[in-house]
>>> print(open('upload_15.pdb').read())   # PDB, C-alpha atoms, pLDDT in the B column
ATOM      1  CA  MET A 299      10.522 -16.651  24.351  1.00 75.00           C
ATOM      2  CA  PRO A 300       9.215 -13.471  22.751  1.00 91.00           C
ATOM      3  CA  ARG A 301      11.630 -10.579  22.387  1.00 97.00           C
ATOM      4  CA  ILE A 302       9.177  -8.417  24.338  1.00 98.00           C
ATOM      5  CA  SER A 303       7.232  -9.925  27.231  1.00 97.00           C
ATOM      6  CA  TYR A 304       3.476 -10.473  27.236  1.00 97.00           C
ATOM      7  CA  TYR A 305       1.676  -7.942  29.382  1.00 96.00           C
ATOM      8  CA  PRO A 306      -0.483  -9.754  31.976  1.00 93.00           C
ATOM      9  CA  VAL A 307      -4.154  -9.365  31.130  1.00 90.00           C
ATOM     10  CA  GLU A 308      -5.123  -9.263  34.820  1.00 91.00           C
ATOM     11  CA  LYS A 309      -3.234  -5.980  35.180  1.00 93.00           C
ATOM     12  CA  LEU A 310      -5.411  -4.250  32.596  1.00 93.00           C
ATOM     13  CA  ASP A 311      -8.046  -2.165  34.384  1.00 93.00           C
ATOM     14  CA  ASP A 312      -9.525  -0.568  31.271  1.00 96.00           C
ATOM     15  CA  ALA A 313     -12.510  -2.630  30.136  1.00 96.00           C
ATOM     16  CA  GLU A 314     -12.015  -1.761  26.454  1.00 96.00           C
ATOM     17  CA  LEU A 315      -8.381  -2.877  26.471  1.00 97.00           C
ATOM     18  CA  ARG A 316      -9.107  -5.992  28.462  1.00 97.00           C
ATOM     19  CA  GLY A 317     -11.866  -6.788  25.999  1.00 96.00           C
ATOM     20  CA  TYR A 318      -9.403  -6.695  23.099  1.00 96.00           C
ATOM     21  CA  LEU A 319      -7.176  -9.298  24.759  1.00 96.00           C
ATOM     22  CA  GLU A 320     -10.114 -11.499  25.686  1.00 95.00           C
ATOM     23  CA  HIS A 321     -11.473 -11.279  22.152  1.00 94.00           C
ATOM     24  CA  ALA A 322      -8.084 -12.305  20.726  1.00 95.00           C
ATOM     25  CA  ALA A 323      -7.803 -15.209  23.172  1.00 94.00           C
ATOM     26  CA  ARG A 324     -11.307 -16.391  22.312  1.00 95.00           C
ATOM     27  CA  HIS A 325     -11.095 -16.076  18.525  1.00 92.00           C
ATOM     28  CA  GLY A 326      -7.353 -16.349  17.847  1.00 91.00           C
ATOM     29  CA  THR A 327      -7.392 -13.178  15.784  1.00 88.00           C
ATOM     30  CA  PRO A 328      -5.752 -10.739  16.020  1.00 92.00           C
ATOM     31  CA  ARG A 329      -3.067 -13.065  17.302  1.00 92.00           C
ATOM     32  CA  PRO A 330      -3.310 -13.043  21.133  1.00 95.00           C
ATOM     33  CA  GLU A 331       0.464 -13.055  21.576  1.00 96.00           C
ATOM     34  CA  SER A 332       0.972  -9.876  19.568  1.00 96.00           C
ATOM     35  CA  GLN A 333      -1.983  -8.227  21.311  1.00 97.00           C
ATOM     36  CA  ALA A 334      -0.420  -9.096  24.686  1.00 97.00           C
ATOM     37  CA  ILE A 335       2.756  -7.323  23.566  1.00 98.00           C
ATOM     38  CA  ARG A 336       0.856  -4.251  22.371  1.00 98.00           C
ATOM     39  CA  ALA A 337      -0.832  -4.134  25.790  1.00 98.00           C
ATOM     40  CA  HIS A 338       2.349  -2.635  27.266  1.00 98.00           C
ATOM     41  CA  VAL A 339       1.170   0.651  25.752  1.00 98.00           C
ATOM     42  CA  PRO A 340      -2.579   1.345  26.018  1.00 97.00           C
ATOM     43  CA  ALA A 341      -2.526   3.825  23.108  1.00 98.00           C
ATOM     44  CA  VAL A 342      -0.915   1.210  20.861  1.00 98.00           C
ATOM     45  CA  LEU A 343      -3.336  -1.572  21.780  1.00 98.00           C
ATOM     46  CA  ARG A 344      -6.257   0.815  21.330  1.00 98.00           C
ATOM     47  CA  SER A 345      -4.972   2.113  17.982  1.00 98.00           C
ATOM     48  CA  PHE A 346      -4.299  -1.303  16.517  1.00 98.00           C
ATOM     49  CA  SER A 347      -7.555  -2.815  17.748  1.00 97.00           C
ATOM     50  CA  ARG A 348      -9.724   0.065  16.592  1.00 97.00           C
ATOM     51  CA  ASN A 349      -8.039   0.167  13.185  1.00 96.00           C
ATOM     52  CA  TRP A 350      -8.388  -3.607  12.887  1.00 95.00           C
ATOM     53  CA  LYS A 351     -12.067  -3.395  13.689  1.00 94.00           C
ATOM     54  CA  VAL A 352     -12.879  -0.424  11.471  1.00 94.00           C
ATOM     55  CA  ALA A 353     -10.689  -1.260   8.482  1.00 93.00           C
ATOM     56  CA  PHE A 354     -10.539  -5.043   8.532  1.00 93.00           C
ATOM     57  CA  ARG A 355     -13.417  -6.672  10.392  1.00 91.00           C
ATOM     58  CA  GLN A 356     -15.993  -4.058   9.448  1.00 93.00           C
ATOM     59  CA  GLY A 357     -16.070  -1.303   6.837  1.00 92.00           C
ATOM     60  CA  VAL A 358     -17.474  -0.987   3.345  1.00 94.00           C
ATOM     61  CA  MET A 359     -15.251  -3.418   1.419  1.00 94.00           C
ATOM     62  CA  ASP A 360     -16.170  -7.111   1.193  1.00 95.00           C
ATOM     63  CA  HIS A 361     -14.331  -8.879   3.987  1.00 94.00           C
ATOM     64  CA  PRO A 362     -13.123 -11.810   1.791  1.00 95.00           C
ATOM     65  CA  ILE A 363     -11.145  -9.382  -0.393  1.00 96.00           C
ATOM     66  CA  LYS A 364      -9.411  -7.949   2.651  1.00 95.00           C
ATOM     67  CA  GLU A 365      -8.741 -11.425   4.021  1.00 93.00           C
ATOM     68  CA  LEU A 366      -7.235 -12.419   0.663  1.00 94.00           C
ATOM     69  CA  CYS A 367      -4.881  -9.425   0.816  1.00 93.00           C
ATOM     70  CA  ARG A 368      -3.993 -10.207   4.436  1.00 90.00           C
ATOM     71  CA  VAL A 369      -3.048 -13.772   3.523  1.00 90.00           C
ATOM     72  CA  TYR A 370      -1.055 -12.568   0.516  1.00 91.00           C
ATOM     73  CA  VAL A 371       0.943 -10.118   2.608  1.00 88.00           C
ATOM     74  CA  SER A 372       1.511 -12.725   5.334  1.00 85.00           C
ATOM     75  CA  LYS A 373       2.779 -15.288   2.836  1.00 85.00           C
ATOM     76  CA  THR A 374       5.052 -12.915   0.974  1.00 83.00           C
ATOM     77  CA  ILE A 375       6.865 -11.890   4.144  1.00 73.00           C
ATOM     78  CA  ASP A 376       6.744 -15.390   5.658  1.00 68.00           C
ATOM     79  CA  CYS A 377       4.603 -14.174   8.524  1.00 63.00           C
ATOM     80  CA  HIS A 378       2.519 -16.736  10.407  1.00 56.00           C
ATOM     81  CA  TYR A 379       0.015 -14.122  11.419  1.00 55.00           C
TER
ATOM     82  CA  MET B 243      -2.812  32.624 -10.588  1.00 52.00           C
ATOM     83  CA  SER B 244      -1.770  28.993 -10.397  1.00 55.00           C
ATOM     84  CA  SER B 245      -3.882  26.417 -12.185  1.00 62.00           C
ATOM     85  CA  GLU B 246      -2.775  23.773  -9.701  1.00 64.00           C
ATOM     86  CA  PRO B 247      -5.763  22.544  -7.700  1.00 60.00           C
ATOM     87  CA  ARG B 248      -5.533  23.422  -4.024  1.00 60.00           C
ATOM     88  CA  ILE B 249      -7.370  21.805  -1.179  1.00 52.00           C
ATOM     89  CA  GLU B 250      -5.404  23.269   1.703  1.00 60.00           C
ATOM     90  CA  PRO B 251      -5.627  23.458   4.644  1.00 67.00           C
ATOM     91  CA  VAL B 252      -6.753  19.838   4.396  1.00 78.00           C
ATOM     92  CA  ASP B 253      -3.801  17.561   3.840  1.00 85.00           C
ATOM     93  CA  PRO B 254      -4.201  15.475   0.635  1.00 88.00           C
ATOM     94  CA  GLY B 255      -3.706  12.212   2.519  1.00 91.00           C
ATOM     95  CA  ASP B 256      -6.337  13.195   5.046  1.00 92.00           C
ATOM     96  CA  ALA B 257      -8.674  14.275   2.252  1.00 91.00           C
ATOM     97  CA  VAL B 258      -8.523  10.714   0.923  1.00 94.00           C
ATOM     98  CA  ARG B 259      -8.922   9.133   4.373  1.00 94.00           C
ATOM     99  CA  ALA B 260     -11.977  11.297   4.968  1.00 94.00           C
ATOM    100  CA  ARG B 261     -13.843   9.161   2.428  1.00 94.00           C
ATOM    101  CA  LEU B 262     -14.294   6.774   5.333  1.00 94.00           C
ATOM    102  CA  PRO B 263     -14.912   8.955   8.401  1.00 95.00           C
ATOM    103  CA  GLU B 264     -14.656   6.218  11.003  1.00 95.00           C
ATOM    104  CA  LEU B 265     -11.317   5.057   9.673  1.00 94.00           C
ATOM    105  CA  PHE B 266     -10.093   8.624   9.407  1.00 95.00           C
ATOM    106  CA  ARG B 267     -10.999   9.077  13.065  1.00 96.00           C
ATOM    107  CA  THR B 268      -8.955   6.074  14.184  1.00 96.00           C
ATOM    108  CA  TYR B 269      -6.071   7.218  12.006  1.00 96.00           C
ATOM    109  CA  ALA B 270      -6.141  10.697  13.523  1.00 95.00           C
ATOM    110  CA  GLU B 271      -6.221   9.179  16.999  1.00 96.00           C
ATOM    111  CA  THR B 272      -3.165   7.063  16.188  1.00 97.00           C
ATOM    112  CA  ARG B 273      -1.344  10.102  14.892  1.00 95.00           C
ATOM    113  CA  GLU B 274      -2.167  12.042  18.044  1.00 96.00           C
ATOM    114  CA  THR B 275      -1.578   9.360  20.683  1.00 97.00           C
ATOM    115  CA  VAL B 276       1.218   7.265  19.181  1.00 97.00           C
ATOM    116  CA  LEU B 277       3.089   9.160  16.454  1.00 96.00           C
ATOM    117  CA  GLU B 278       3.036  12.719  17.736  1.00 95.00           C
ATOM    118  CA  ASN B 279       3.039  11.931  21.451  1.00 96.00           C
ATOM    119  CA  GLY B 280       3.710   8.962  23.716  1.00 97.00           C
ATOM    120  CA  LEU B 281       6.738   7.556  25.518  1.00 98.00           C
ATOM    121  CA  VAL B 282       9.337   7.791  22.764  1.00 98.00           C
ATOM    122  CA  PRO B 283      10.407  11.299  21.723  1.00 97.00           C
ATOM    123  CA  ARG B 284       8.596  12.425  18.601  1.00 97.00           C
ATOM    124  CA  GLU B 285      11.947  13.359  17.056  1.00 97.00           C
ATOM    125  CA  LEU B 286      13.145   9.762  17.185  1.00 98.00           C
ATOM    126  CA  LYS B 287       9.978   8.476  15.525  1.00 97.00           C
ATOM    127  CA  GLU B 288      10.391  11.200  12.904  1.00 96.00           C
ATOM    128  CA  LEU B 289      13.976  10.079  12.325  1.00 97.00           C
ATOM    129  CA  CYS B 290      12.811   6.518  11.680  1.00 97.00           C
ATOM    130  CA  ALA B 291      10.132   7.863   9.315  1.00 96.00           C
ATOM    131  CA  ARG B 292      12.834   9.720   7.402  1.00 96.00           C
ATOM    132  CA  TYR B 293      14.868   6.537   7.139  1.00 96.00           C
ATOM    133  CA  LEU B 294      11.876   4.599   5.829  1.00 95.00           C
ATOM    134  CA  ALA B 295      11.330   7.347   3.251  1.00 93.00           C
ATOM    135  CA  GLU B 296      14.993   6.870   2.238  1.00 93.00           C
ATOM    136  CA  ASP B 297      16.004  10.372   3.232  1.00 95.00           C
ATOM    137  CA  GLU B 298      19.569  10.759   1.985  1.00 94.00           C
ATOM    138  CA  GLU B 299      20.672  12.343   5.253  1.00 95.00           C
ATOM    139  CA  VAL B 300      19.627   9.261   7.187  1.00 97.00           C
ATOM    140  CA  VAL B 301      20.095   6.197   4.978  1.00 95.00           C
ATOM    141  CA  GLY B 302      23.869   6.144   5.570  1.00 95.00           C
ATOM    142  CA  PHE B 303      23.471   6.336   9.348  1.00 97.00           C
ATOM    143  CA  GLU B 304      25.808   3.401  10.044  1.00 95.00           C
ATOM    144  CA  ARG B 305      28.797   5.375   8.743  1.00 95.00           C
ATOM    145  CA  SER B 306      27.694   8.684  10.204  1.00 96.00           C
ATOM    146  CA  ASP B 307      28.693  10.295  13.505  1.00 95.00           C
ATOM    147  CA  ARG B 308      25.591  12.504  13.464  1.00 96.00           C
ATOM    148  CA  PHE B 309      23.540   9.840  15.219  1.00 98.00           C
ATOM    149  CA  ASP B 310      24.077   8.458  18.706  1.00 98.00           C
ATOM    150  CA  GLU B 311      23.906   4.762  19.586  1.00 97.00           C
ATOM    151  CA  ARG B 312      20.266   4.959  20.710  1.00 98.00           C
ATOM    152  CA  GLU B 313      19.244   6.487  17.417  1.00 98.00           C
ATOM    153  CA  LYS B 314      21.274   3.932  15.488  1.00 98.00           C
ATOM    154  CA  ALA B 315      19.619   1.070  17.354  1.00 98.00           C
ATOM    155  CA  ALA B 316      16.195   2.481  16.458  1.00 98.00           C
ATOM    156  CA  LEU B 317      17.219   2.894  12.818  1.00 98.00           C
ATOM    157  CA  ARG B 318      18.580  -0.668  12.648  1.00 98.00           C
ATOM    158  CA  TRP B 319      15.240  -1.891  13.930  1.00 98.00           C
ATOM    159  CA  ALA B 320      13.392   0.262  11.403  1.00 98.00           C
ATOM    160  CA  HIS B 321      15.448  -1.397   8.687  1.00 97.00           C
ATOM    161  CA  ALA B 322      14.660  -4.867  10.035  1.00 97.00           C
ATOM    162  CA  VAL B 323      10.934  -4.139  10.372  1.00 95.00           C
ATOM    163  CA  ALA B 324      10.686  -2.711   6.875  1.00 93.00           C
ATOM    164  CA  TRP B 325      13.047  -4.806   4.813  1.00 92.00           C
ATOM    165  CA  ASP B 326      14.726  -7.722   6.565  1.00 92.00           C
ATOM    166  CA  SER B 327      13.335  -9.198   9.775  1.00 92.00           C
ATOM    167  CA  ASP B 328      16.318 -11.597   9.971  1.00 93.00           C
ATOM    168  CA  GLN B 329      18.414  -8.608  10.987  1.00 95.00           C
ATOM    169  CA  ALA B 330      16.477  -8.457  14.243  1.00 96.00           C
ATOM    170  CA  ASP B 331      18.875 -10.967  15.762  1.00 97.00           C
ATOM    171  CA  ASP B 332      20.113 -11.495  19.341  1.00 97.00           C
ATOM    172  CA  ALA B 333      22.645  -8.688  19.015  1.00 98.00           C
ATOM    173  CA  LEU B 334      20.104  -6.141  17.824  1.00 98.00           C
ATOM    174  CA  TRP B 335      17.623  -7.099  20.523  1.00 98.00           C
ATOM    175  CA  GLU B 336      20.287  -6.794  23.200  1.00 98.00           C
ATOM    176  CA  GLU B 337      21.050  -3.356  21.878  1.00 98.00           C
ATOM    177  CA  LEU B 338      17.372  -2.390  21.794  1.00 98.00           C
ATOM    178  CA  HIS B 339      16.799  -3.543  25.356  1.00 98.00           C
ATOM    179  CA  THR B 340      19.855  -1.572  26.465  1.00 98.00           C
ATOM    180  CA  HIS B 341      18.462   1.680  25.122  1.00 98.00           C
ATOM    181  CA  PHE B 342      14.702   1.271  25.494  1.00 98.00           C
ATOM    182  CA  SER B 343      12.152  -0.033  27.987  1.00 98.00           C
ATOM    183  CA  GLU B 344       9.637  -2.626  26.800  1.00 98.00           C
ATOM    184  CA  PRO B 345       6.789  -0.084  26.508  1.00 98.00           C
ATOM    185  CA  GLU B 346       9.090   2.194  24.508  1.00 98.00           C
ATOM    186  CA  LEU B 347       9.910  -0.698  22.185  1.00 98.00           C
ATOM    187  CA  VAL B 348       6.232  -1.462  21.677  1.00 98.00           C
ATOM    188  CA  GLU B 349       5.479   2.143  20.799  1.00 98.00           C
ATOM    189  CA  LEU B 350       8.533   2.559  18.568  1.00 98.00           C
ATOM    190  CA  GLY B 351       7.976  -0.714  16.722  1.00 98.00           C
ATOM    191  CA  TYR B 352       4.310   0.047  16.156  1.00 98.00           C
ATOM    192  CA  SER B 353       5.185   3.532  14.926  1.00 98.00           C
ATOM    193  CA  ILE B 354       7.728   2.151  12.477  1.00 98.00           C
ATOM    194  CA  ALA B 355       5.311  -0.436  11.085  1.00 97.00           C
ATOM    195  CA  PHE B 356       2.410   2.006  10.926  1.00 97.00           C
ATOM    196  CA  VAL B 357       4.423   4.734   9.199  1.00 96.00           C
ATOM    197  CA  PHE B 358       5.946   2.267   6.747  1.00 95.00           C
ATOM    198  CA  GLY B 359       2.509   1.015   5.729  1.00 94.00           C
ATOM    199  CA  GLN B 360       1.101   4.518   5.404  1.00 94.00           C
ATOM    200  CA  GLN B 361       4.076   5.726   3.339  1.00 92.00           C
ATOM    201  CA  HIS B 362       3.698   2.872   0.875  1.00 92.00           C
ATOM    202  CA  TRP B 363      -0.052   3.263   0.670  1.00 93.00           C
ATOM    203  CA  LEU B 364       0.331   7.007   0.049  1.00 93.00           C
ATOM    204  CA  GLY B 365       2.949   6.196  -2.604  1.00 92.00           C
ATOM    205  CA  THR B 366       0.450   4.136  -4.562  1.00 94.00           C
ATOM    206  CA  LEU B 367      -1.878   7.148  -4.479  1.00 93.00           C
ATOM    207  CA  GLY B 368       0.834   9.321  -5.974  1.00 92.00           C
ATOM    208  CA  LEU B 369       1.386  11.146  -2.711  1.00 89.00           C
ATOM    209  CA  GLY B 370       4.710  11.646  -0.917  1.00 75.00           C
ATOM    210  CA  PRO B 371       5.568  10.299   2.532  1.00 66.00           C
ATOM    211  CA  ALA B 372       3.930  13.192   4.329  1.00 63.00           C
ATOM    212  CA  GLY B 373       0.761  12.915   2.265  1.00 60.00           C
ATOM    213  CA  ARG B 374       1.693  15.708  -0.109  1.00 59.00           C
ATOM    214  CA  PRO B 375       1.835  15.333  -3.886  1.00 61.00           C
ATOM    215  CA  ARG B 376       5.044  13.505  -4.738  1.00 56.00           C
ATOM    216  CA  PRO B 377       7.708  16.069  -5.729  1.00 47.00           C
ATOM    217  CA  ALA B 378       9.091  15.760  -9.240  1.00 44.00           C
ATOM    218  CA  THR B 379      12.635  16.002  -7.900  1.00 39.00           C
ATOM    219  CA  THR B 380      12.313  12.778  -5.919  1.00 40.00           C
ATOM    220  CA  ARG B 381      13.855  12.984  -2.437  1.00 41.00           C
ATOM    221  CA  GLU B 382      15.823  16.180  -2.361  1.00 41.00           C
ATOM    222  CA  GLY B 383      13.286  18.103  -0.353  1.00 41.00           C
ATOM    223  CA  HIS B 384      12.561  15.400   2.166  1.00 41.00           C
ATOM    224  CA  ALA B 385      15.185  16.406   4.701  1.00 38.00           C
ATOM    225  CA  GLN B 386      13.186  19.500   5.565  1.00 39.00           C
ATOM    226  CA  ASP B 387       9.892  17.715   5.181  1.00 46.00           C
ATOM    227  CA  GLN B 388       7.679  16.413   7.921  1.00 52.00           C
ATOM    228  CA  LEU B 389       7.697  12.712   7.257  1.00 59.00           C
ATOM    229  CA  LEU B 390       5.348  11.276   9.779  1.00 70.00           C
ATOM    230  CA  PRO B 391       2.400  10.493   7.532  1.00 67.00           C
ATOM    231  CA  ARG B 392      -0.386  12.972   7.509  1.00 62.00           C
TER
END
>>> encode(input="upload_15.pdb", output="structure tokens")
Amino acid sequence: MPRISYYPVEKLDDAELRGYLEHAARHGTPRPESQAIRAHVPAVLRSFSRNWKVAFRQGVMDHPIKELCRVYVSKTIDCHY
Amino acid sequence: MSSEPRIEPVDPGDAVRARLPELFRTYAETRETVLENGLVPRELKELCARYLAEDEEVVGFERSDRFDEREKAALRWAHAVAWDSDQADDALWEELHTHFSEPELVELGYSIAFVFGQQHWLGTLGLGPAGRPRPATTREGHAQDQLLPR
């Protein structure tokens, strides 16, 4: 059981926020479980998802470099993210 | 007249972020909607930011009577998020759920993680926790400083 419950996606009325959860469920990244926890606070889900999109998925830097750094950070803190 | 370069009123951290306008925009939105406002009092998020910046007035919080139990629970979580996730055990979570609602925990935890990342990133740029040039006298001035990253 997670330490904080998953917010039910069907309760999200905002199309943008709902889209973030559906995207995570479809692609597995960002991790859908952590997105469902962030969904308790719309500003948090929006902030994380927009930053993820702008800084990680898109942007000016080659994505493989950012993915390499993400994996490095995950491994060094034993995160399965 | 000082020879020190000045770029005020733009904060140095923001001046760097502005290299990528879209990212700067999302950062500013986070600062406005999550760090400065939201469900959890700004002062408590600021306190956690001071702890993460190793403010001498806050790092010894466990032995201090200046902080109430709610603040101490938040600071214990800040420590676990930043340095030792194993310390987020059953006892700490029981304490957190006693003092905070689930939405408050989401906002507080996100704030802690976001601020911690920003502080370390700013550090590698040679900037202090609040985005200002790192003071030569290390942490002495931080107690009066505004430590939510700028």
>>> closest_residue(input="upload_15.pdb", among="B:Arg259, B:Arg292, B:Arg267, B:His341", to="Ala316 in chain B", atoms="all atoms listed in the file")
B:His341
>>> resolve_selection(input="upload_15.pdb", expression="the PyMOL selection byres ((chain B and resi 348-364) around 7)", output="MDAnalysis selection string")
(chainID A and resid 336 338:339 342) or (chainID B and resid 276:277 282 287 290:291 294 320 323:324 344:347 365:371 373 390:391)
>>> resolve_selection(input="upload_15.pdb", expression="the PyMOL selection byres ((chain A and resi 302) around 7)", output="PyMOL selection string")
(chain A and resi 300-301+303-304+335) or (chain B and resi 344)
>>> atom_distance(input="upload_15.pdb", atom1="CA of Trp319 in chain B", atom2="CA of Leu334 in chain B")
7.5 Å
>>> resolve_selection(input="upload_15.pdb", expression="the PyMOL selection byres ((chain A and resi 352) around 12)", output="ChimeraX atom specification")
/A:344-351,353-359,361 /B:262-269
>>> residues_around(input="upload_15.pdb", residues="Glu308 in chain A", least_positions_apart="2", cutoff="12 Å", atoms="all atoms listed in the file", output="PyMOL selection string")
chain A and resi 304-306+310-313+315-317+319-320+334+337
>>> atom_distance(input="upload_15.pdb", atom1="CA of Ala322 in chain B", atom2="CA of Lys364 in chain A")
25.4 Å
>>> atom_distance(input="upload_15.pdb", atom1="CA of Val258 in chain B", atom2="CA of Thr272 in chain B")
16.6 Å
>>> closest_residue(input="upload_15.pdb", among="B:Arg284, B:Val252, B:Glu274, B:Phe303", to="chain A", atoms="all atoms listed in the file")
B:Glu274
>>> residues_around(input="upload_15.pdb", residues="Lys314 in chain B", least_positions_apart="4", cutoff="12 Å", atoms="only C-alpha atoms", output="MDAnalysis selection string")
chainID B and resid 286 289:290 293 300:310 318:321 334 337:338 341
